[in-house]
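Working notes for the structure below.
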Amino acid sequence: MVRSLGQRNCRSWYGPGGLHPTHLGDTLSNSRYTIVHKLDHSNHSLSWLTRDSATNTWRRIDIVLASPEVTKFHANAVERDLLAHAADAARADARGSILELLHHRGPNCDHLCMVFPLNGTYNCFRWTVQGGGRDKTEMNEAWLVRQCAKLRKDRAEESDGSEAQAPENVHAITAEEMLAILGRPRLSRDDQVPRYLVLRPDRIEEDFDFWLSEEAFQQ
């Protein structure tokens, strides 16, 4: 049975056959991927922002519910993309297609982990937010780069007034900047909950910086 996940997690979802109790700072795939922040959750998985130490890039990893039916569904759904891009990882990265399937052994069972780029034309990292609505502006690579450029500009003006350099791409954003953009990870409001019950970032409102930029008029 698939559980419907709300804005907050419930500790009962993390029993046998349930979700993987993921902590900030945990690593996957022999310490290659480090968990930095939560991005979203769906009915089947929890989506995490991770840093890939092998390629020095940002990745999104969806850790799937430890259910054979759900695992099979997700594996079948992404198999075609994996086969299509098996010989061209760079193309998959550029398009935002799935890069790899991992299996992680947790206290509740084995979990399928799906590794996605944090960039790409077709990539968006969230589906629904609090109240069942959607972000007014998509959380994607372009949004993250714009937010980082604004952050660097504001910090430069506050310090010495120098001109700030916008990041070349999402991977050039530092971990500290990423946390400033998304907000520091927060636990559920109940102080007694386990540390793995992390809230996702708040709903993104209208991105006025984008609509006032030259980029908006080019679309």
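Here's how to read the names in the structure tokens: chain A, B, ... by the order shown, residue numbers from 1 in each chain, ligand numbers from 1 in the order shown.
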
*Residue list (strand (DSSP E), DSSP) for range 17-160 of chain A, as a ChimeraX atom specification*: /A:27-28,33-41,45-52,57-64,100-105,110-117

For the selection just defined, write its residues with N, CA and C atoms to a file, as a short mmCIF file (atom, residue, chain, number, x, y, z; two decimals), in the first residue's frame.
data_model
loop_
_atom_site.label_atom_id
_atom_site.label_comp_id
_atom_site.auth_asym_id
_atom_site.auth_seq_id
_atom_site.Cartn_x
_atom_site.Cartn_y
_atom_site.Cartn_z
N THR A 27 25.87 9.39 3.95
CA THR A 27 26.47 9.17 2.63
C THR A 27 25.90 7.91 2.00
N LEU A 28 25.94 7.86 0.67
CA LEU A 28 25.48 6.72 -0.10
C LEU A 28 26.57 6.31 -1.08
N TYR A 33 28.11 10.03 -2.33
CA TYR A 33 27.08 11.07 -2.28
C TYR A 33 26.81 11.45 -0.82
N THR A 34 26.85 12.74 -0.52
CA THR A 34 26.58 13.23 0.83
C THR A 34 25.24 13.97 0.85
N ILE A 35 24.37 13.61 1.79
CA ILE A 35 23.06 14.24 1.92
C ILE A 35 23.22 15.64 2.51
N VAL A 36 22.73 16.66 1.79
CA VAL A 36 22.89 18.05 2.22
C VAL A 36 21.57 18.69 2.64
N HIS A 37 20.50 18.40 1.92
CA HIS A 37 19.20 19.04 2.21
C HIS A 37 18.10 18.17 1.62
N LYS A 38 16.90 18.40 2.08
CA LYS A 38 15.74 17.73 1.50
C LYS A 38 15.15 18.62 0.42
N LEU A 39 14.76 18.01 -0.70
CA LEU A 39 14.12 18.76 -1.78
C LEU A 39 12.61 18.58 -1.77
N ASP A 40 12.16 17.33 -1.65
CA ASP A 40 10.73 17.09 -1.76
C ASP A 40 10.41 15.67 -1.32
N HIS A 41 9.12 15.35 -1.27
CA HIS A 41 8.71 13.97 -1.11
C HIS A 41 7.46 13.72 -1.93
N SER A 45 8.66 8.16 -2.50
CA SER A 45 10.08 8.36 -2.21
C SER A 45 10.32 9.69 -1.51
N LEU A 46 11.53 9.81 -0.97
CA LEU A 46 12.02 11.07 -0.44
C LEU A 46 13.14 11.55 -1.36
N SER A 47 13.12 12.82 -1.68
CA SER A 47 14.06 13.39 -2.64
C SER A 47 15.07 14.27 -1.91
N TRP A 48 16.36 13.99 -2.11
CA TRP A 48 17.42 14.67 -1.36
C TRP A 48 18.40 15.39 -2.28
N LEU A 49 18.88 16.53 -1.82
CA LEU A 49 19.98 17.24 -2.47
C LEU A 49 21.27 16.62 -1.96
N THR A 50 22.12 16.18 -2.88
CA THR A 50 23.38 15.54 -2.49
C THR A 50 24.54 16.13 -3.28
N ARG A 51 25.73 16.01 -2.70
CA ARG A 51 26.95 16.42 -3.40
C ARG A 51 27.72 15.17 -3.79
N ASP A 52 28.06 15.10 -5.08
CA ASP A 52 28.79 13.96 -5.62
C ASP A 52 30.28 14.26 -5.55
N THR A 57 29.84 17.59 -8.31
CA THR A 57 28.60 18.13 -8.85
C THR A 57 27.47 17.93 -7.84
N TRP A 58 26.39 18.67 -8.05
CA TRP A 58 25.18 18.48 -7.26
C TRP A 58 24.30 17.44 -7.93
N ARG A 59 23.70 16.57 -7.13
CA ARG A 59 22.79 15.56 -7.63
C ARG A 59 21.53 15.51 -6.76
N ARG A 60 20.46 15.07 -7.38
CA ARG A 60 19.24 14.76 -6.63
C ARG A 60 19.14 13.25 -6.55
N ILE A 61 18.91 12.74 -5.35
CA ILE A 61 18.73 11.30 -5.18
C ILE A 61 17.37 11.04 -4.55
N ASP A 62 16.57 10.24 -5.24
CA ASP A 62 15.28 9.81 -4.72
C ASP A 62 15.44 8.42 -4.10
N ILE A 63 15.19 8.33 -2.80
CA ILE A 63 15.28 7.05 -2.10
C ILE A 63 13.87 6.48 -1.98
N VAL A 64 13.67 5.34 -2.60
CA VAL A 64 12.33 4.78 -2.79
C VAL A 64 11.89 3.97 -1.58
N GLU A 100 21.79 7.00 -12.76
CA GLU A 100 22.22 5.75 -12.15
C GLU A 100 21.16 5.23 -11.19
N LEU A 101 21.13 3.91 -11.03
CA LEU A 101 20.32 3.27 -10.00
C LEU A 101 21.25 2.65 -8.97
N LEU A 102 20.99 2.91 -7.70
CA LEU A 102 21.77 2.35 -6.61
C LEU A 102 20.86 1.55 -5.70
N HIS A 103 21.46 0.68 -4.91
CA HIS A 103 20.72 -0.02 -3.86
C HIS A 103 21.42 0.26 -2.54
N HIS A 104 20.64 0.71 -1.57
CA HIS A 104 21.20 1.05 -0.27
C HIS A 104 20.54 0.21 0.81
N ARG A 105 21.36 -0.43 1.62
CA ARG A 105 20.84 -1.27 2.70
C ARG A 105 20.57 -0.41 3.93
N ASP A 110 16.30 -3.19 1.84
CA ASP A 110 17.05 -2.57 0.75
C ASP A 110 16.18 -1.50 0.09
N HIS A 111 16.81 -0.38 -0.25
CA HIS A 111 16.08 0.71 -0.90
C HIS A 111 16.70 1.01 -2.26
N LEU A 112 15.84 1.17 -3.26
CA LEU A 112 16.28 1.64 -4.57
C LEU A 112 16.54 3.13 -4.48
N CYS A 113 17.69 3.58 -5.00
CA CYS A 113 18.04 5.00 -5.01
C CYS A 113 18.26 5.42 -6.46
N MET A 114 17.55 6.45 -6.89
CA MET A 114 17.64 6.93 -8.26
C MET A 114 18.41 8.25 -8.28
N VAL A 115 19.50 8.28 -9.04
CA VAL A 115 20.38 9.45 -9.09
C VAL A 115 20.05 10.29 -10.32
N PHE A 116 19.71 11.56 -10.09
CA PHE A 116 19.40 12.49 -11.18
C PHE A 116 20.37 13.67 -11.14
N PRO A 117 20.57 14.35 -12.27
CA PRO A 117 21.35 15.59 -12.25
C PRO A 117 20.57 16.68 -11.50
#

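Reported to one decimal place, the separation of CA of Asn30 in chain A from CA of His171 in chain A is 21.2 Å.
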
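You will find CA of Leu179 in chain A at 16.3 Å from CA of Asp26 in chain A.
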